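Participant: If you scroll down you'll find the structure; I have some questions about it.
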Amino acid sequence: MPGAPTTDARADDDNFLLLREAARQNDAARVNALASRLPGNYPLASYVDYYRLKPRLRDAAPDEVREVLRRHEGTAVAEQLRGEWLLELGRRRDWAGFEREAGQLARSDNLQIRCYALLARASRGEQVGQEARALLGNPPAYGEACAALVAQLSQSGQFSDADLLWQLRLAGEADATGPARRIALLLGASDTRAAQAVDVPAVAMARGIGNTRAERAIYLVAVGRMARTSLKLATVGLQKNSPKLSSEERAIGWASIAHAASIALAPEAATYWQRAHGVPLTNEQLQWQARIALRHGNWKLVRSSIEAMPPALRAENAWTYWLARADRHGGRTQEANAVFERIASPHHFYGQLALDELGRQVVAPPPVPPVTAAEVAAVGANPSLQRALRFYALRLRAEGNREWSWGLHGMTDRQLLAAGELARRNELLDRTVETSLRTRTEFDYAQRFPAPHLEVLQPAAQSLGLDKAWVYGLIRQESRFITDARSGVGASGLMQVMPATGKWVAAKIGMDNFVHGMLNDLRTNITLGANYMNMVLENFDGDEILATAAYNAGPSRARAWRAKLDAPMEGAVFVESIPFSETRNYVRNVLANATNYAAVFENKPQSIRTRLRPVQPRARAAILP
């Protein structure tokens with residue numbers, strides 16, 4: 001990291017940290033006092049301007065905001081300020097100002113900005129209903145912007161009652177009480193009953209089904225919510241009231257129950273999906289219908305479920321791969337191979353599976369020409385990367401990551417590799433990996449799959465008989481090699497060991513002096529993490545899929561998922577149907593990482609299938625907490 005700052009620089013940094021906190025607390029008076037102590041040439045001066053304005057943004061004059069934006073145009077902080085200002089302009093319904101400032105941000109990933117952009121167009125009479133239907137699929141993220149858009153489209157007739165009923169279904173599925181209440185009111189129904197359906201479904205079901213279409217829809221939300229905790233009570237309630245429901249409403253109810261049963265990996269899930277036949281399904285429901293079809297080997301239903309997905313979802317690597325598998329099972333080998341070729345890549349889980357389907361393996365690419373000192377110096381002069389390094393020195397990783405990513409925009413592969421080397425020299429291996437992942441034709445595996453601390457990790461893995469490629473694959477996913485990483489749930493260090501797990505493993509291996517603070521010590525963290533990996537692996541009969549899932553979600557959950565099997569299951573199918581999306585993605589990434597690390601360590605082609613052996617249903621006594 002950069003050298004030690006001078007006394008004056010340390011004082012400036014301390015004031016900057018206080019300024020940042022005052023801005024976060026919207027304390028405008030303290031912000032002004034602290035900002036005045038910082039020199040105009042302070043390396044993060046653009047953020048001083050931003051923090052001066054942030055607490056007053058709701059009352060700021062447009063000209064003042066535009067001046068700050070002009071002064072720092074083209075920087076990450078200007079883009080951040082512009083996004084916040086657009087939300088404020090949308091809240092004010094200043095559509096002229098909004099559209100003048102929006103630019104590319106109107107098509108960004110920020111859902112609320114995109115909702116305001118559509119609302120601005122709808123306010124002058126444009127037909128935006130079709131775009132809104134495609135956009136509005138995640139009610140918990142709606143905020144004021146998307147709620148206002150739904151209301152406007154309902155009022156103007158661009159959204160029908162059917163659109164509102166669909167939004168109510170989505171809100172119930174996503175446990176989004178606020179959107180459910182607002183949509184119920186738009187339908188002329190009780191917002192209190194809608195909230196009960198989401199939050200206390202047993203109460204909502206006990207109150208009865210109601211007479212109007214909206215009241216029946218609220219009852220079906222309650223059925224879906226109840227199914228998450230009791231499939232039996234949900235099915236009894238739906239069957240009892242079936243005579244009062246239309247055939248479409250009954251199918252919607254069964255789809256909600258089938259969805260919950262699928263997440264629970266319940267054996268009845270396939271039957272419930274049959275009862276939902278013919279009704280439009282949400283994106284989550286379509287994906288779970290496909291997963292249950294995979295578990296049952298129903299390739300016809302796999303195909304129809306994927307084909308019913310919206311184009312963007314259907315184009316994801318996972319569903320592209322499974323659709324090609326369905327083609328192959330249907331005898332369309334040539335079509336399947338063409339799709340496999342489209343996603344075949346050593347760089348991700350389904351790309352590696354596609355390589356395997358084509359009879360190819362993962363091979364580490366030849367080393368690229370090393371970046372020169374001049375190339376590193378050139379990217380080191382990038383102002384965004386300089387600001388990022390300053391933020392990292394202040395232990396402000398989120399701001400550092402934002403600046404770092406901004407600085408990479410438009411870089412060539414050689415510049416990206418040079419930036420990755422700059423990160424490595426500053427002991428920022430997570431940025432090295434993330435930067436190298438952006439290259440398109442030059443692939444430096446020393447950057448993409450680094451193996452730091454080998455002198456500590458290799459003896460630990462070797463003494464336990466662990467595959468070091470798997471260990472590195474897990475570390476790369478857990479912490480991206482940030483030695484002092486700490487998760488939101490308290491996991492610490494390189495291998496993200498939970499305090500309770502660390503204490504338990506320490507006792508098992510005779511580490512009598514263990515205290516929680518030792519988890520951030522590199523050697524202790526690797527020792528405890530490697531021993532825990534070994535214990536988990538032994539407990540699951542050497543199965544890397546189950547052991548990896550257990551490391552992330554806990555052994556009891558992995559045992560429960562395994563207990564749902566009554567016959568061996570293809571490893572890739574088991575991974576695809578892991579109920580937790582976080583764990584599902586985690587297992588995919590760890591195993592793909594491990595395959596690449598093995599290609600590097602062993603210097604020979606690798607197949608991910610060696611790590612995806614069929615998962616066996618056999619249960620055994622638990623030896624892990």
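By convention here, the chains of the structure tokens are called A, B, ... in the order presented, each chain's residues are numbered starting at 1, and ligands are numbered starting at 1 in the order presented.
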Among stretch 217-297 of chain A, which ones does DSSP assign to alpha helix (DSSP H) (computed from the backbone)? Answer as a PyMOL selection string.
Facilitator: chain A and resi 217-227+231-241+247-263+269-275+283-295
Participant: Write out as a ChimeraX atom specification the residues lying within 12 Å of stretch 363-369 of chain A, counting only C-alpha atoms and excluding same-chain residues fewer than 6 positions away.
Facilitator: /A:345-347,352,355-356,375,413-414,417-418,439,441-449,593,595-608
Participant: Which distance in Å separates atom CA of A:Ala195 and atom CA of A:Arg181, to one decimal?
Facilitator: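 Straight-line distance from atom CA of A:Ala195 to atom CA of A:Arg181 works out to 5.8 Å.
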Participant: Would you work out the distance separating atom CA of A:Asn525 from atom CA of A:Asn589, expressed in Å to one decimal?
Facilitator: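 About the pair atom CA of A:Asn525 and atom CA of A:Asn589: they are 21.4 Å apart.
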Participant: How far is it from atom CA of A:Leu464 to atom CA of A:Asn534, in Å with one decimal?
Facilitator: 6.9 Å
Participant: Quick one: everything within 12 Å of A:Arg397, counting only C-alpha atoms, minus sequence neighbours fewer than 4 positions away in the same chain. Send it as a VMD selection string.
Facilitator: chain A and resid 387 to 393 401 to 405 428 430 to 431 482 484 to 486
